[in-house]
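For reference, the structure discussed in these notes is given below.
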Amino acid sequence: MSNFSKAFSSTLGRKLIMSLTGLFLCSFLIIHLIGNFQLFKNDDGLGFNQYAHFMTHFTPIKVVSYLLYASIIVHSVWAIIITRKNRAARPVAYAIKPKDGSIWSSRNMGILGTIIFVFIVVHMSNFWYKYHQGYTPYIEYQTDVKTGATTSRVLDASEFKQYTVYVENGVEVIQTEDLYKEVAIAFQQWWLVAFYVLAMAALAFHLIHGFQSAFQTLGWNHRKYFPIAKFLGVWGFGLLIPIGFALMPLYFLFK
Amino acid sequence: MSGHMNLTLKVWRQKNSTTPGKFVTYKADEISPDMSFLEMLDVVNEDLVKKKEDPIHFDHDCREGICGMCSLVINGEPHGPKRATTTCQLHMRSFSDKDTIVIEPWRATAFPVVKDLVTNRSSFDRIQQAGGYVSVGTGGVPDANEIPISKVIADEAMSSATCIGCGACVAACKNASAMLFVSAKISQFALLPQGQPERYARAEAMVLQMDEEGFGGCTNTYACEAQCPKEIKVTNIARMNREFFNAELIKS
């Protein structure tokens, strides 16, 4: 066996794959959150819709997005493989569940991960699939270049050809897919909002363990720097990011 | 006698590695709180021998907490409820009168039960044989400070070397992973000059042998560190990961 296959087929190598794909997905969360903050802008979705168009049509970002889909699949499939192997390592269970001081989320990454996976499927069929299939409504924005005042009107599907931006008589016209409206409509459903908030709670607990765990797996348990990873894992990825995401459906429900 | 305890034991009895085992309840009466846990089992066994029953089999040797032979998962905790203590050093004063104590063997594919509470831990020996040694000539005992090693590194290597190879880390881990043990053994050499010539070959050989034996993988719950009678730190596991990835992907 070559060094590479030995490295990645060993128990340590399988962890390495989980760690690298996990950290890549964490980096995506930051970008996704910052971009989606435009949902909170009171501009009838202009900023968000432009952003959505850019993210789905700019080639380097498209390449990264395929890496992202692959990471989600690899992270999930490897989790199943690892869990099966780990279960096989203890065929007879203890009569009394061991007490060991480990945190709850570290022992339940599989359950939390499953909730997150179901969420990703629901989330992508809600927005990603509809957007890519052209099921979203359309909108036209007209911005007066001098005053900056923007008006918008709903575009009929028959009126919309493709994403266009042009300036005519001192008015900037943007015709685009209206993903913002799709989001606003979807989050009128309280049960969908509830599911999103629950999924973000699962994400929080997954990352409280997962983020620092990735650094331990990479061998970066340094006495000076590891506390930073732990801090970011709890306060950044375990708290700030999931709360930021959870606020979005809640904002539209109570808007 | 005053201060003595009457206990109920639920002990895993298993005839051999192929027969399924079951729990059997025993009474342990008039137990002194000053007895060690193993002495308490000795008392129960003397009773069983008198009654011409098969005594409870359990591993033990030095009874001083340094050989790594004793084991037992006591009420769900490897080596019982006290931290940094082996079963032989656990005293009955850690329990109360009328307690029910459940005693199980280490449970792992790589530690098959030989009989009752005795498990075969030769998988650890094979991991050690794969690379847990220094085969280059290191000469006689050097004069003090002839080989400069900082106090921090010397202490760290010494802490890793205190692992007695009892297997409590495997028993505590939800995945029955041996990574705390293997990482301690890799670390004690990786940190010191004598370990350098075989540093990466050792890490590779020991990790692959660990996988071969059927131990699970680490999911960083750190249960092993909490239950280790010698308080081996999980920073060793991070070091092992570094050594192994270096061995496979960078240094060779």
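Scheme for the structure tokens: letters A, B, ... for chains in order shown; per-chain residue numbers from 1; ligand numbers from 1 in order shown.
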6 Å contacts from chain B to chain A using only C-alpha atoms, as a PyMOL selection string: chain B and resi 76-77+108-109+175-176+215-217+221+223+238-239+241-242+248
Residue subset to file, keeping N, CA, C and O atoms, as a compact mmCIF listing (two decimals), in the first residue's frame:
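Contents of part12.txt, as written:
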# COMPACT_ATOMS: atom_id res chain seq x y z
N GLY B 76 -19.97 1.15 36.01
CA GLY B 76 -19.83 1.94 34.79
C GLY B 76 -18.54 2.73 34.70
O GLY B 76 -18.38 3.51 33.77
N GLU B 77 -17.62 2.56 35.65
CA GLU B 77 -16.38 3.31 35.59
C GLU B 77 -15.16 2.39 35.64
O GLU B 77 -15.01 1.61 36.59
N ALA B 108 -14.35 -4.88 24.75
CA ALA B 108 -13.82 -4.45 23.45
C ALA B 108 -13.53 -5.69 22.61
O ALA B 108 -13.15 -6.74 23.16
N THR B 109 -13.72 -5.55 21.31
CA THR B 109 -13.41 -6.66 20.40
C THR B 109 -11.95 -7.07 20.56
O THR B 109 -11.62 -8.26 20.54
N ASN B 175 -15.98 4.17 21.71
CA ASN B 175 -15.59 3.45 20.50
C ASN B 175 -14.56 2.36 20.77
O ASN B 175 -13.99 1.82 19.84
N ALA B 176 -14.27 2.10 22.04
CA ALA B 176 -13.22 1.14 22.41
C ALA B 176 -11.95 1.43 21.62
O ALA B 176 -11.34 0.55 21.02
N PHE B 215 -9.34 -2.10 17.30
CA PHE B 215 -9.79 -1.01 18.18
C PHE B 215 -10.56 0.01 17.35
O PHE B 215 -10.32 0.16 16.16
N GLY B 216 -11.45 0.77 18.00
CA GLY B 216 -12.22 1.79 17.30
C GLY B 216 -11.39 3.05 17.09
O GLY B 216 -10.23 3.12 17.47
N GLY B 217 -12.01 4.05 16.48
CA GLY B 217 -11.34 5.32 16.24
C GLY B 217 -11.69 6.32 17.33
O GLY B 217 -12.65 6.14 18.08
N THR B 221 -13.98 12.44 22.59
CA THR B 221 -14.87 12.70 23.73
C THR B 221 -14.03 12.95 24.99
O THR B 221 -14.53 13.49 25.96
N ALA B 223 -13.08 10.88 27.13
CA ALA B 223 -13.47 10.02 28.25
C ALA B 223 -12.25 9.28 28.79
O ALA B 223 -12.14 9.02 29.99
N ALA B 238 -3.07 14.08 20.09
CA ALA B 238 -2.77 15.08 19.05
C ALA B 238 -1.34 14.88 18.55
O ALA B 238 -1.07 14.97 17.34
N ARG B 239 -0.43 14.58 19.47
CA ARG B 239 0.97 14.36 19.06
C ARG B 239 1.08 13.12 18.16
O ARG B 239 1.74 13.15 17.13
N ASN B 241 -1.22 11.93 16.23
CA ASN B 241 -1.75 12.30 14.92
C ASN B 241 -0.69 13.02 14.10
O ASN B 241 -0.48 12.71 12.92
N ARG B 242 -0.02 13.98 14.72
CA ARG B 242 1.06 14.71 14.04
C ARG B 242 2.14 13.75 13.56
O ARG B 242 2.58 13.81 12.41
N GLU B 248 3.40 9.54 7.19
CA GLU B 248 2.77 9.06 5.95
C GLU B 248 2.82 10.10 4.83
O GLU B 248 2.93 9.73 3.67
Expected answer as a PDB file with N, CA and C atoms, in the first residue's frame: strand (DSSP E or B) residues in segment 48-177 of chain B:
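After the write, states-v9.pdb holds the following:
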ATOM      1  N   VAL B  73     -14.613  -2.819  35.279  1.00  0.00           N
ATOM      2  CA  VAL B  73     -15.492  -1.648  35.168  1.00  0.00           C
ATOM      3  C   VAL B  73     -16.472  -1.739  36.327  1.00  0.00           C
ATOM      4  N   ILE B  74     -16.364  -0.811  37.268  1.00  0.00           N
ATOM      5  CA  ILE B  74     -17.140  -0.848  38.512  1.00  0.00           C
ATOM      6  C   ILE B  74     -18.214   0.232  38.443  1.00  0.00           C
ATOM      7  N   GLU B  77     -17.623   2.562  35.651  1.00  0.00           N
ATOM      8  CA  GLU B  77     -16.378   3.314  35.589  1.00  0.00           C
ATOM      9  C   GLU B  77     -15.160   2.389  35.637  1.00  0.00           C
ATOM     10  N   PRO B  78     -14.293   2.486  34.632  1.00  0.00           N
ATOM     11  CA  PRO B  78     -13.068   1.693  34.672  1.00  0.00           C
ATOM     12  C   PRO B  78     -12.254   2.040  35.921  1.00  0.00           C
ATOM     13  N   HIS B  91     -10.189   1.684  47.688  1.00  0.00           N
ATOM     14  CA  HIS B  91     -10.583   1.108  48.968  1.00  0.00           C
ATOM     15  C   HIS B  91     -12.092   1.073  49.119  1.00  0.00           C
ATOM     16  N   THR B 100     -25.185  -1.590  45.982  1.00  0.00           N
ATOM     17  CA  THR B 100     -25.100  -2.641  44.970  1.00  0.00           C
ATOM     18  C   THR B 100     -23.991  -2.241  44.006  1.00  0.00           C
ATOM     19  N   ILE B 101     -23.038  -3.125  43.784  1.00  0.00           N
ATOM     20  CA  ILE B 101     -21.901  -2.810  42.923  1.00  0.00           C
ATOM     21  C   ILE B 101     -21.922  -3.741  41.703  1.00  0.00           C
ATOM     22  N   VAL B 102     -21.952  -3.124  40.518  1.00  0.00           N
ATOM     23  CA  VAL B 102     -21.957  -3.911  39.284  1.00  0.00           C
ATOM     24  C   VAL B 102     -20.530  -3.984  38.754  1.00  0.00           C
ATOM     25  N   ILE B 103     -20.039  -5.195  38.541  1.00  0.00           N
ATOM     26  CA  ILE B 103     -18.646  -5.382  38.113  1.00  0.00           C
ATOM     27  C   ILE B 103     -18.623  -6.082  36.754  1.00  0.00           C
ATOM     28  N   GLU B 104     -18.007  -5.395  35.786  1.00  0.00           N
ATOM     29  CA  GLU B 104     -17.950  -5.940  34.428  1.00  0.00           C
ATOM     30  C   GLU B 104     -16.505  -5.975  33.946  1.00  0.00           C
ATOM     31  N   ALA B 108     -14.352  -4.876  24.750  1.00  0.00           N
ATOM     32  CA  ALA B 108     -13.822  -4.447  23.452  1.00  0.00           C
ATOM     33  C   ALA B 108     -13.531  -5.690  22.614  1.00  0.00           C
ATOM     34  N   PHE B 111     -10.161  -6.871  23.184  1.00  0.00           N
ATOM     35  CA  PHE B 111      -9.899  -7.442  24.518  1.00  0.00           C
ATOM     36  C   PHE B 111     -10.901  -8.563  24.782  1.00  0.00           C
ATOM     37  N   VAL B 113     -12.919 -11.603  26.303  1.00  0.00           N
ATOM     38  CA  VAL B 113     -12.990 -12.142  27.667  1.00  0.00           C
ATOM     39  C   VAL B 113     -12.390 -13.548  27.672  1.00  0.00           C
ATOM     40  N   VAL B 114     -11.473 -13.785  28.601  1.00  0.00           N
ATOM     41  CA  VAL B 114     -10.898 -15.127  28.765  1.00  0.00           C
ATOM     42  C   VAL B 114     -11.802 -15.924  29.692  1.00  0.00           C
ATOM     43  N   LYS B 115     -12.121 -15.311  30.816  1.00  0.00           N
ATOM     44  CA  LYS B 115     -13.038 -15.929  31.784  1.00  0.00           C
ATOM     45  C   LYS B 115     -13.497 -14.846  32.758  1.00  0.00           C
ATOM     46  N   VAL B 118     -11.645 -11.521  33.433  1.00  0.00           N
ATOM     47  CA  VAL B 118     -10.302 -11.527  32.856  1.00  0.00           C
ATOM     48  C   VAL B 118     -10.407 -11.346  31.343  1.00  0.00           C
ATOM     49  N   THR B 119      -9.707 -10.354  30.808  1.00  0.00           N
ATOM     50  CA  THR B 119      -9.688 -10.182  29.354  1.00  0.00           C
ATOM     51  C   THR B 119      -8.270 -10.393  28.838  1.00  0.00           C
ATOM     52  N   SER B 177     -11.545   2.694  21.648  1.00  0.00           N
ATOM     53  CA  SER B 177     -10.340   3.102  20.928  1.00  0.00           C
ATOM     54  C   SER B 177      -9.132   3.043  21.860  1.00  0.00           C
TER      55      SER B 177
END
Excluding same-chain residues fewer than 4 positions from Ser135 of chain B, what lies within 10 Å of it counting only C-alpha atoms, as a ChimeraX atom specification? /B:131,194-195,197-198
Compile the contact shell of Gly68 of chain B as a list of chain:residue names: residues with an atom at most 7 Å away, counting only C-alpha atoms, same-chain residues fewer than 6 positions apart removed.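 Listed by chain and then number, they are B:Ile164, B:Gly165, B:Cys166.
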Show which residues sit within 12 Å of Ser152 of chain A, as a list in words. Count only C-alpha atoms, and ignore same-chain residues fewer than 3 positions away. Asp43, Asp44, Gly45, Leu46, Tyr138, Ile139, Glu140, Tyr141, Gln142, Thr143, Asp144, Ala149, Leu155, Glu172, Val173, Ile174, Gln175, Thr176 and Asp178 of chain A
Test item, helix (DSSP H, G or I) assignment across segment 118-206 of chain A, answer as a VMD selection string: chain A and resid 118 to 133 179 to 186 190 to 206
Could you pull the residues within 10 Å of Phe195 of chain A, counting only C-alpha atoms, minus those fewer than 6 positions along the same chain, as a ChimeraX atom specification? /A:115,119,122,201,246,249
Segment 55-67 of chain A surroundings by only C-alpha atoms, 10 Å radius, close-in-sequence under 3 positions cut, as a ChimeraX atom specification: /A:21,24-25,28,35,49-52,70-73,128,131-132
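Closest approach to Phe237 of chain A among A:Phe211, A:Trp78, A:Phe254, A:Tyr69: A:Phe211, based on only C-alpha atoms.
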Straight-line distance linking atom CA of Lys130 of chain A with atom CA of Ile185 of chain A, stated in Å to one decimal: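 Atom CA of Ile185 of chain A lies at a distance of 13.1 Å from atom CA of Lys130 of chain A.
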Determine the nearest neighbour of Ser183 of chain B from the options B:Leu41, B:Leu72, B:Val24, B:Met240, counting only C-alpha atoms.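 Closest to Ser183 of chain B, using only C-alpha atoms: B:Met240.
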